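Visitor: One file is attached below, coords.txt, containing compact mmCIF, C-alpha atoms.
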```
# COMPACT_ATOMS: atom_id res chain seq x y z
CA MET A 1 -36.05 -24.18 -17.74
CA PRO A 2 -34.55 -24.58 -14.25
CA PRO A 3 -34.71 -21.44 -12.15
CA LEU A 4 -31.79 -19.08 -11.68
CA SER A 5 -30.04 -18.89 -8.32
CA SER A 6 -31.23 -16.50 -5.66
CA ARG A 7 -27.83 -14.81 -5.99
CA SER A 8 -28.82 -13.53 -9.42
CA ARG A 9 -31.69 -11.50 -7.98
CA VAL A 10 -29.74 -8.33 -7.29
CA GLU A 11 -30.95 -4.83 -8.01
CA PRO A 12 -29.87 -3.34 -11.34
CA PHE A 13 -27.13 -0.72 -11.38
CA HIS A 14 -29.31 2.07 -12.73
CA ALA A 15 -26.33 4.22 -13.73
CA MET A 16 -25.45 1.58 -16.31
CA ASP A 17 -29.07 1.30 -17.45
CA VAL A 18 -29.19 5.08 -17.94
CA LEU A 19 -25.88 4.94 -19.80
CA ALA A 20 -27.20 2.18 -22.07
CA GLU A 21 -30.28 4.24 -22.95
CA ALA A 22 -28.13 7.34 -23.49
CA THR A 23 -25.87 5.32 -25.81
CA ARG A 24 -28.89 4.10 -27.79
CA ARG A 25 -30.20 7.64 -28.18
CA LYS A 26 -26.78 8.91 -29.22
CA ALA A 27 -26.54 6.18 -31.87
CA GLN A 28 -29.91 7.39 -33.18
CA GLY A 29 -28.48 10.87 -33.65
CA TYR A 30 -29.70 12.64 -30.51
CA PRO A 31 -27.28 15.21 -29.00
CA VAL A 32 -26.86 13.34 -25.73
CA ILE A 33 -24.60 14.57 -22.95
CA SER A 34 -23.90 11.89 -20.37
CA CYS A 35 -23.38 12.83 -16.73
CA ALA A 36 -24.44 9.32 -15.73
CA VAL A 37 -21.22 7.42 -15.02
CA GLY A 38 -17.76 8.14 -13.70
CA GLN A 39 -16.11 7.92 -17.09
CA PRO A 40 -13.28 10.44 -17.59
CA SER A 41 -13.49 12.27 -20.90
CA HIS A 42 -9.71 12.21 -21.22
CA PRO A 43 -7.87 9.21 -22.70
CA ALA A 44 -5.35 7.16 -20.78
CA PRO A 45 -2.13 9.17 -20.45
CA LYS A 46 0.20 9.13 -23.43
CA ALA A 47 2.87 7.15 -21.60
CA ALA A 48 0.38 4.36 -20.91
CA ARG A 49 -0.79 4.19 -24.51
CA THR A 50 2.78 4.22 -25.81
CA ALA A 51 3.79 1.40 -23.49
CA ALA A 52 0.75 -0.66 -24.46
CA LYS A 53 1.44 -0.18 -28.16
CA ALA A 54 5.04 -1.28 -27.73
CA ALA A 55 3.89 -4.38 -25.85
CA LEU A 56 1.36 -5.23 -28.56
CA ASP A 57 3.97 -4.74 -31.25
CA THR A 58 6.19 -7.38 -29.63
CA GLY A 59 3.23 -9.75 -29.47
CA ARG A 60 4.21 -11.07 -26.05
CA ILE A 61 0.98 -10.70 -24.09
CA GLY A 62 0.00 -13.55 -21.81
CA TYR A 63 -0.64 -14.62 -18.26
CA THR A 64 1.25 -13.03 -15.40
CA ASP A 65 1.53 -14.08 -11.77
CA ALA A 66 -1.95 -14.04 -10.26
CA LEU A 67 -1.06 -11.06 -8.07
CA GLY A 68 0.53 -9.11 -10.91
CA LEU A 69 3.77 -8.12 -12.57
CA ALA A 70 6.62 -7.61 -10.12
CA SER A 71 7.64 -4.40 -11.89
CA LEU A 72 4.13 -2.92 -11.54
CA LYS A 73 3.94 -3.85 -7.88
CA SER A 74 7.31 -2.19 -7.30
CA ALA A 75 6.09 0.92 -9.12
CA ILE A 76 2.94 1.04 -6.97
CA SER A 77 5.10 0.64 -3.87
CA ALA A 78 7.19 3.61 -5.01
CA HIS A 79 3.97 5.59 -5.56
CA TYR A 80 3.02 5.08 -1.91
CA LYS A 81 6.41 6.40 -0.82
CA ARG A 82 6.31 9.36 -3.19
CA TYR A 83 2.66 10.38 -2.73
CA TYR A 84 1.94 9.46 0.91
CA GLY A 85 5.39 9.04 2.45
CA LEU A 86 4.50 5.42 3.30
CA ASP A 87 6.69 2.34 3.08
CA VAL A 88 4.53 -0.36 1.50
CA SER A 89 6.32 -3.55 0.50
CA PRO A 90 5.68 -4.63 -3.11
CA GLU A 91 4.95 -8.11 -1.74
CA ARG A 92 1.82 -6.74 -0.02
CA ILE A 93 0.38 -5.49 -3.33
CA ALA A 94 -2.03 -7.54 -5.44
CA VAL A 95 -2.87 -6.36 -8.95
CA THR A 96 -6.51 -7.02 -9.86
CA THR A 97 -8.79 -6.93 -12.88
CA GLY A 98 -10.11 -3.52 -11.96
CA SER A 99 -11.16 -2.58 -8.45
CA SER A 100 -14.30 -4.67 -8.98
CA ALA A 101 -12.21 -7.85 -8.82
CA GLY A 102 -10.58 -6.45 -5.70
CA PHE A 103 -13.94 -6.13 -3.98
CA ASN A 104 -14.86 -9.68 -5.01
CA LEU A 105 -11.59 -10.97 -3.56
CA ALA A 106 -12.03 -8.98 -0.37
CA PHE A 107 -15.60 -10.11 0.23
CA LEU A 108 -14.79 -13.75 -0.54
CA GLY A 109 -11.54 -13.77 1.40
CA LEU A 110 -12.72 -11.97 4.53
CA PHE A 111 -16.31 -13.12 5.10
CA ASP A 112 -18.43 -16.23 5.22
CA ALA A 113 -22.04 -16.30 3.99
CA GLY A 114 -24.34 -14.92 6.64
CA GLN A 115 -21.85 -12.45 8.07
CA THR A 116 -22.56 -8.72 8.05
CA VAL A 117 -20.77 -5.82 6.39
CA ALA A 118 -21.53 -2.14 7.07
CA ILE A 119 -21.46 0.41 4.26
CA ALA A 120 -22.43 4.07 4.06
CA ARG A 121 -25.80 5.23 2.77
CA PRO A 122 -25.65 6.91 0.26
CA GLY A 123 -23.00 4.65 -1.21
CA TYR A 124 -21.85 2.82 -4.31
CA PRO A 125 -24.60 0.31 -5.20
CA ALA A 126 -22.27 -2.43 -6.43
CA TYR A 127 -21.08 -2.93 -2.84
CA ARG A 128 -24.61 -3.79 -1.77
CA ASN A 129 -25.30 -5.94 -4.82
CA ILE A 130 -22.07 -7.98 -4.68
CA LEU A 131 -22.41 -8.55 -0.95
CA ALA A 132 -25.99 -9.70 -1.38
CA ALA A 133 -25.05 -12.02 -4.25
CA LEU A 134 -22.42 -13.62 -2.01
CA GLY A 135 -24.96 -14.30 0.73
CA LEU A 136 -23.72 -11.60 3.07
CA ASN A 137 -25.88 -9.27 5.14
CA VAL A 138 -25.58 -5.55 4.51
CA VAL A 139 -26.13 -2.85 7.12
CA GLU A 140 -26.46 0.53 5.46
CA VAL A 141 -25.42 3.31 7.81
CA ALA A 142 -26.90 6.76 7.26
CA ALA A 143 -24.02 9.12 6.51
CA ASP A 144 -25.37 12.66 6.74
CA ALA A 145 -24.37 16.14 7.83
CA GLU A 146 -24.56 15.14 11.49
CA ASN A 147 -21.60 12.76 11.04
CA ALA A 148 -19.81 14.67 8.25
CA PHE A 149 -21.22 12.28 5.64
CA THR A 150 -18.91 9.43 6.70
CA LEU A 151 -18.84 6.33 8.90
CA THR A 152 -18.04 6.81 12.58
CA PRO A 153 -17.92 4.47 15.57
CA GLU A 154 -21.10 6.12 16.83
CA ASN A 155 -23.22 5.68 13.73
CA LEU A 156 -21.88 2.15 13.24
CA ASP A 157 -22.90 1.21 16.80
CA ALA A 158 -26.32 2.77 16.30
CA ALA A 159 -26.91 1.00 12.98
CA ALA A 160 -25.75 -2.37 14.35
CA GLY A 161 -28.09 -1.99 17.32
CA GLU A 162 -31.02 -1.07 15.11
CA ALA A 163 -30.35 -4.01 12.78
CA GLY A 164 -29.76 -6.39 15.70
CA LYS A 165 -26.61 -7.74 14.03
CA ARG A 166 -22.95 -7.98 14.88
CA ILE A 167 -20.87 -6.16 12.28
CA ASP A 168 -18.06 -8.30 10.85
CA GLY A 169 -16.75 -5.82 8.30
CA VAL A 170 -16.72 -2.09 7.58
CA LEU A 171 -16.26 -0.70 4.08
CA LEU A 172 -15.45 2.99 3.77
CA ALA A 173 -14.87 4.97 0.57
CA SER A 174 -12.89 8.21 0.61
CA PRO A 175 -13.37 10.20 -1.56
CA ALA A 176 -16.83 8.68 -1.68
CA ASN A 177 -19.23 7.98 -4.51
CA PRO A 178 -21.76 9.65 -4.78
CA THR A 179 -21.32 12.10 -1.90
CA GLY A 180 -17.79 13.31 -2.60
CA THR A 181 -16.98 12.92 1.10
CA VAL A 182 -13.28 13.01 2.01
CA THR A 183 -12.57 11.31 5.34
CA GLY A 184 -9.47 12.80 6.94
CA ARG A 185 -6.69 11.05 8.81
CA ALA A 186 -8.07 11.59 12.32
CA ALA A 187 -11.47 10.16 11.37
CA LEU A 188 -9.78 7.20 9.64
CA LYS A 189 -7.77 6.56 12.81
CA ARG A 190 -10.91 6.50 14.96
CA LEU A 191 -12.56 4.08 12.55
CA ALA A 192 -9.49 1.82 12.33
CA ASP A 193 -9.19 1.74 16.12
CA TYR A 194 -12.89 0.88 16.43
CA CYS A 195 -12.52 -1.99 13.96
CA SER A 196 -9.42 -3.31 15.72
CA ALA A 197 -11.05 -3.15 19.16
CA ASN A 198 -14.13 -5.01 17.93
CA ASN A 199 -12.38 -7.61 15.72
CA ILE A 200 -13.94 -6.15 12.57
CA HIS A 201 -12.40 -6.33 9.10
CA PHE A 202 -11.71 -2.86 7.69
CA ILE A 203 -11.81 -2.27 3.90
CA SER A 204 -10.79 1.13 2.54
CA ASP A 205 -11.94 2.05 -0.98
CA GLU A 206 -9.43 4.62 -2.25
CA ILE A 207 -10.18 4.50 -5.99
CA TYR A 208 -10.80 8.26 -6.20
CA HIS A 209 -7.51 9.19 -4.56
CA GLY A 210 -5.82 11.95 -6.51
CA LEU A 211 -9.19 13.62 -7.08
CA THR A 212 -9.56 15.58 -3.85
CA PHE A 213 -10.46 19.27 -4.06
CA ALA A 214 -11.16 20.06 -0.40
CA GLY A 215 -10.30 18.34 2.87
CA GLU A 216 -7.45 15.99 3.76
CA GLU A 217 -6.77 13.03 1.49
CA ALA A 218 -5.18 10.26 3.56
CA SER A 219 -4.76 6.55 2.97
CA ALA A 220 -6.00 4.21 5.68
CA LEU A 221 -2.49 2.74 5.50
CA SER A 222 -1.26 5.88 7.24
CA VAL A 223 -3.13 4.86 10.41
CA THR A 224 -3.07 1.03 10.34
CA ASP A 225 -1.61 -1.95 8.53
CA ASP A 226 -4.64 -4.03 9.54
CA VAL A 227 -6.71 -2.93 6.56
CA VAL A 228 -7.48 -4.06 3.03
CA VAL A 229 -6.98 -1.10 0.70
CA ILE A 230 -8.48 -1.17 -2.79
CA ASN A 231 -7.47 1.25 -5.52
CA SER A 232 -7.75 1.51 -9.29
CA PHE A 233 -6.26 3.02 -12.40
CA SER A 234 -9.76 3.85 -13.68
CA LYS A 235 -10.44 7.29 -12.24
CA TYR A 236 -7.42 9.54 -11.67
CA TYR A 237 -5.45 7.65 -14.32
CA CYS A 238 -8.35 7.67 -16.86
CA MET A 239 -8.09 3.94 -17.59
CA THR A 240 -11.64 2.68 -17.02
CA GLY A 241 -11.72 0.24 -19.93
CA TRP A 242 -8.26 -1.19 -19.22
CA ARG A 243 -9.65 -3.02 -16.17
CA VAL A 244 -6.68 -2.85 -13.85
CA GLY A 245 -6.56 -2.02 -10.16
CA TRP A 246 -4.72 -3.07 -7.03
CA MET A 247 -5.04 -4.04 -3.39
CA VAL A 248 -2.71 -3.59 -0.43
CA LEU A 249 -3.08 -6.55 1.92
CA PRO A 250 -1.81 -7.57 5.34
CA GLU A 251 0.92 -10.16 4.81
CA ALA A 252 -1.16 -12.96 6.35
CA TYR A 253 -3.83 -12.51 3.66
CA LEU A 254 -1.54 -12.75 0.64
CA ARG A 255 -1.51 -16.50 -0.02
CA PRO A 256 -5.27 -17.06 0.54
CA PHE A 257 -6.09 -14.12 -1.74
CA GLU A 258 -3.61 -15.35 -4.32
CA CYS A 259 -5.32 -18.75 -4.40
CA LEU A 260 -8.71 -17.10 -4.90
CA ALA A 261 -7.33 -14.88 -7.67
CA GLN A 262 -5.77 -17.85 -9.48
CA SER A 263 -9.17 -19.49 -9.84
CA LEU A 264 -11.31 -16.38 -10.30
CA TYR A 265 -9.48 -14.56 -13.09
CA ILE A 266 -5.95 -16.07 -13.50
CA SER A 267 -4.38 -12.60 -13.67
CA ALA A 268 -5.12 -9.04 -14.71
CA PRO A 269 -4.48 -8.45 -18.45
CA GLU A 270 -0.75 -8.10 -19.04
CA VAL A 271 -1.07 -5.28 -21.55
CA SER A 272 -3.12 -3.29 -19.03
CA GLN A 273 -0.53 -3.89 -16.33
CA ILE A 274 2.24 -2.66 -18.63
CA ALA A 275 0.22 0.46 -19.44
CA ALA A 276 -0.61 1.03 -15.77
CA GLU A 277 3.06 0.97 -14.79
CA ALA A 278 3.74 3.68 -17.36
CA ALA A 279 0.72 5.69 -16.17
CA LEU A 280 2.34 6.07 -12.77
CA THR A 281 4.96 8.30 -14.45
CA ALA A 282 2.37 10.62 -16.05
CA THR A 283 1.56 12.89 -13.10
CA ASP A 284 2.12 16.16 -15.02
CA GLU A 285 -0.38 15.16 -17.72
CA LEU A 286 -2.87 13.81 -15.20
CA GLU A 287 -2.78 16.99 -13.12
CA VAL A 288 -3.84 18.91 -16.24
CA TYR A 289 -6.77 16.51 -16.54
CA LYS A 290 -7.59 17.06 -12.88
CA GLN A 291 -7.82 20.80 -13.47
CA THR A 292 -10.63 20.09 -15.95
CA TYR A 293 -12.59 18.40 -13.17
CA ALA A 294 -11.84 21.31 -10.83
CA ASP A 295 -13.20 23.75 -13.43
CA ASN A 296 -16.28 21.56 -13.95
CA ARG A 297 -16.81 21.30 -10.19
CA ALA A 298 -16.80 25.08 -9.81
CA LEU A 299 -19.20 25.42 -12.75
CA LEU A 300 -21.71 22.88 -11.40
CA MET A 301 -21.61 24.31 -7.88
CA GLN A 302 -22.52 27.73 -9.25
CA ARG A 303 -25.12 26.55 -11.74
CA PHE A 304 -27.01 24.19 -9.43
CA GLU A 305 -27.22 26.92 -6.80
CA ALA A 306 -28.58 29.32 -9.43
CA MET A 307 -31.22 26.70 -10.36
CA GLY A 308 -32.30 26.41 -6.73
CA LEU A 309 -31.04 22.84 -6.49
CA PRO A 310 -28.92 22.49 -3.34
CA LEU A 311 -26.15 19.97 -2.98
CA ALA A 312 -27.14 16.99 -0.85
CA SER A 313 -23.49 16.60 0.27
CA PRO A 314 -20.16 18.41 -0.24
CA MET A 315 -18.32 18.03 -3.54
CA ASP A 316 -14.96 17.61 -1.80
CA GLY A 317 -13.60 14.74 -3.88
CA ALA A 318 -14.24 12.33 -6.78
CA PHE A 319 -16.11 13.96 -9.70
CA TYR A 320 -19.77 13.89 -8.73
CA ALA A 321 -22.41 16.39 -7.69
CA TYR A 322 -25.04 14.77 -5.48
CA VAL A 323 -28.01 17.07 -5.84
CA ASP A 324 -31.25 17.51 -3.88
CA ILE A 325 -34.11 17.62 -6.42
CA SER A 326 -36.94 17.36 -3.87
CA SER A 327 -38.23 20.78 -4.94
CA LEU A 328 -38.95 19.30 -8.36
CA THR A 329 -39.87 15.65 -7.77
CA ASN A 330 -40.01 12.76 -5.33
CA ASP A 331 -39.26 10.23 -8.09
CA SER A 332 -35.67 10.55 -9.23
CA MET A 333 -35.95 7.61 -11.64
CA ALA A 334 -38.87 9.19 -13.49
CA PHE A 335 -37.01 12.50 -13.43
CA ALA A 336 -33.91 10.90 -14.96
CA LYS A 337 -35.93 9.27 -17.73
CA LYS A 338 -37.82 12.48 -18.50
CA MET A 339 -34.65 14.58 -18.54
CA LEU A 340 -32.96 12.20 -20.97
CA ALA A 341 -36.02 12.00 -23.23
CA GLU A 342 -36.71 15.75 -23.31
CA ILE A 343 -33.30 17.47 -23.17
CA ASN A 344 -30.87 14.60 -23.83
CA VAL A 345 -28.99 14.95 -20.55
CA ALA A 346 -28.27 11.67 -18.75
CA ALA A 347 -27.72 11.51 -14.98
CA THR A 348 -28.16 8.83 -12.35
CA PRO A 349 -31.19 8.61 -10.03
CA GLY A 350 -30.34 8.68 -6.35
CA GLY A 351 -32.12 5.40 -5.68
CA ASP A 352 -29.00 3.66 -6.95
CA PHE A 353 -27.08 4.98 -3.98
CA ASP A 354 -29.72 5.36 -1.29
CA PRO A 355 -32.74 3.01 -1.17
CA VAL A 356 -34.32 5.12 1.57
CA ASP A 357 -33.97 8.76 0.52
CA GLY A 358 -32.62 8.45 -3.01
CA SER A 359 -35.93 9.22 -4.68
CA ARG A 360 -35.19 12.89 -3.94
CA THR A 361 -31.62 13.06 -5.24
CA MET A 362 -29.65 12.79 -8.47
CA ARG A 363 -25.97 12.18 -9.10
CA PHE A 364 -24.28 14.16 -11.87
CA SER A 365 -20.82 13.10 -13.01
CA TYR A 366 -18.67 16.06 -14.03
CA ALA A 367 -15.91 13.91 -15.53
CA GLY A 368 -16.80 15.12 -19.04
CA SER A 369 -15.39 18.09 -20.93
CA THR A 370 -16.11 21.60 -19.66
CA PRO A 371 -18.07 22.62 -22.79
CA GLU A 372 -20.27 19.53 -22.36
CA MET A 373 -20.89 20.33 -18.70
CA ALA A 374 -21.77 23.94 -19.53
CA GLU A 375 -24.20 22.81 -22.23
CA ALA A 376 -25.81 20.29 -19.88
CA MET A 377 -26.35 23.01 -17.27
CA ASP A 378 -27.80 25.37 -19.90
CA ARG A 379 -30.28 22.72 -21.01
CA MET A 380 -31.28 21.90 -17.44
CA ALA A 381 -31.76 25.55 -16.46
CA ALA A 382 -34.00 26.23 -19.46
CA TRP A 383 -35.95 22.97 -18.90
CA ILE A 384 -36.55 23.61 -15.20
CA ALA A 385 -37.60 27.21 -15.88
CA LYS A 386 -40.43 26.13 -18.20
```
Just give me the structure of the file as C-alpha cells.

Guide:
Amino acid sequence: MPPLSSRSRVEPFHAMDVLAEATRRKAQGYPVISCAVGQPSHPAPKAARTAAKAALDTGRIGYTDALGLASLKSAISAHYKRYYGLDVSPERIAVTTGSSAGFNLAFLGLFDAGQTVAIARPGYPAYRNILAALGLNVVEVAADAENAFTLTPENLDAAAGEAGKRIDGVLLASPANPTGTVTGRAALKRLADYCSANNIHFISDEIYHGLTFAGEEASALSVTDDVVVINSFSKYYCMTGWRVGWMVLPEAYLRPFECLAQSLYISAPEVSQIAAEAALTATDELEVYKQTYADNRALLMQRFEAMGLPLASPMDGAFYAYVDISSLTNDSMAFAKKMLAEINVAATPGGDFDPVDGSRTMRFSYAGSTPEMAEAMDRMAAWIAK
C-alpha cells in the first residue's frame, strides 16, 4: 500500500485513549469512574433540548449559511453585551462545528506552512497536533509559577530566541487546560500590545469562559479587536456532543474564513445551532451546574493535599486539577494505566500536555458528579496508602 502522509504522524491524544480503555472496562462491568476528559456530567440545558426536539419534530433540518444562523449570531452578540459589556457585531461572529473547527479555520486562515505559532506548556495537546499536521512550527513556552502560568512578552521573547524562530502567531487559553490558569485583563492587554507591535496574530481560546472560580475572567475582545476569539458551547453549556462553537473575527477576515468554512464543513449542524441559541437563555440552570464543579473543586483541593499530592498549578478556572505525582512516579502514563487497571479510576497522564515535564503530572477532570468525585478520591487515597 502507498504510505500515509507525514501529516498523519501526530502524537495520540492520550486523554481519548484513556477514555476508550475506560469505556471498554465499563462495558465489561467494571465500576469505572472517569476523570479523564472534560465531559460535563450534566445534560444540555432543558431549553436547548426542548428547542432541538421541536426542530426535529418539524423535520426541517438542513444546511445553513457557512458562518451560521443569523439568529444564533445575534444571540451570541447579545451575550457579549450582557456578560462582558462589549459591543460585538453579529456580522463578526462565525458559528463553527465545535471549537475544533474554529482552530482549524484559524490555523489555515492565518498561517502558511512553515510559519511558527507559540503555545503554552503545559497546554492542550490538540493545538500542537493540529499545527504539526498543517506543517506549522510550534514553539512551546514554559508557563510556570514565575510567569503566573501564562504567556507573557518576556517568556515569548525568551522562547523565540531559544528556538531561533520568528513567532508568527500566539495562542493563549484562559481559563487554560490543563492548568486552570485565568489570565486577567491587564495581562491580556500586555500580550495583545506585544502581538500588535510585532505583527503577530493573536488567538484567544475562551472555551472555558463561565467556569472561573478565582481571578478575573476577561475576554481578549475587551482589550483589542485585532484578535481571533474561539469559544464553544461544549463546556459551560454542557453540549460536548452537539459539536457547535463560534469565533469572533476581525471584519477583514470574514470572507476568507467563510470561503474556507464552505469547503471544510459546509455549516455547523442546524439542529445544534437551534439548541445553542436556546442554551444562551439557560443561565439559571447552568449556574446550578457550575456550583457542582465548585463543590468538586473544593473537594479535590482538600483530598489531594491530604494525600500529599500538591497541585502543579492553581485550579482557578475550567474543571481540572493538574497534580504533581512526582512523589509516586516519574512515569505518568504507566501510573494512569495502573490506576485504571487496579482501582478503576481514569485520569490523563501529563505527557499529553507537557512533553518535557509531563511524566510527573496527571490531569483530573472534576466535571463529573460530586459522589463520583468523592468515590474516586476515596479509592485513590486507599490505593496510595498501600

Visitor: Could you give me the axis-aligned bounding box of stretch 71-88 of chain A, with 5 Å of padding per side, as centre plus edge lengths in Å to one decimal, as JSON?

Guide:
```
{"center_x": 4.8, "center_y": 3.0, "center_z": -4.3, "size_x": 15.7, "size_y": 24.8, "size_z": 25.2}
```

Visitor: Could you pull the residues within 10 Å of stretch 303-305 of chain A, counting only C-alpha atoms, minus those fewer than 2 positions along the same chain, as a PyMOL selection string?

Guide: chain A and resi 297-301+307-311+321+323-324+374+377-378+380-381

Visitor: List every residue of stretch 268-338 of chain A that has an atom at most 12 Å from any atom of stretch 91-101 of chain A, and for each one report the closest atom pair and its distance in Å to one decimal, counting all atoms listed in the file, with rows sorted by chain and then by increasing residue number, as a tab-separated table.

Guide:
```
residue	atom	partner	partner_atom	distance
A:Ala268	CA	A:Thr97	CA	4.6
A:Pro269	CA	A:Thr97	CA	7.2
A:Glu270	CA	A:Thr97	CA	10.2
A:Val271	CA	A:Thr97	CA	11.7
A:Ser272	CA	A:Thr97	CA	9.1
A:Gln273	CA	A:Val95	CA	8.1
A:Ile274	CA	A:Val95	CA	11.6
A:Ala276	CA	A:Val95	CA	10.3
A:Glu277	CA	A:Val95	CA	11.1
```

Visitor: Restricting the calculation to only C-alpha atoms, which member of A:Ala220, A:Leu286, A:Leu67, A:Leu328 is positioned closest to A:Ala186?

Guide: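 Ranking A:Ala220, A:Leu286, A:Leu67, A:Leu328 by distance to A:Ala186, first place goes to A:Ala220.
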
Visitor: Any idea what's packed within 10 Å of A:Asn344, counting all atoms listed in the file, ignoring anything in its chain fewer than 5 positions away? Could you give it as a ChimeraX atom specification?

Guide: /A:22,25-26,30-34,337-339,376,379-380

Visitor: Between A:Glu375, A:Glu258, A:Glu287, A:Glu140, which has the minimum distance to A:Tyr124 (counting all atoms listed in the file)?

Guide: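 The shortest atom-to-atom distance to A:Tyr124 comes from A:Glu140.
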
Visitor: Using all atoms listed in the file, pick whichever of A:Tyr237, A:Phe335, A:Tyr80, A:Trp242 has the shortest atom-to-atom distance to A:Tyr289.

Guide: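 Closest candidate: A:Tyr237.
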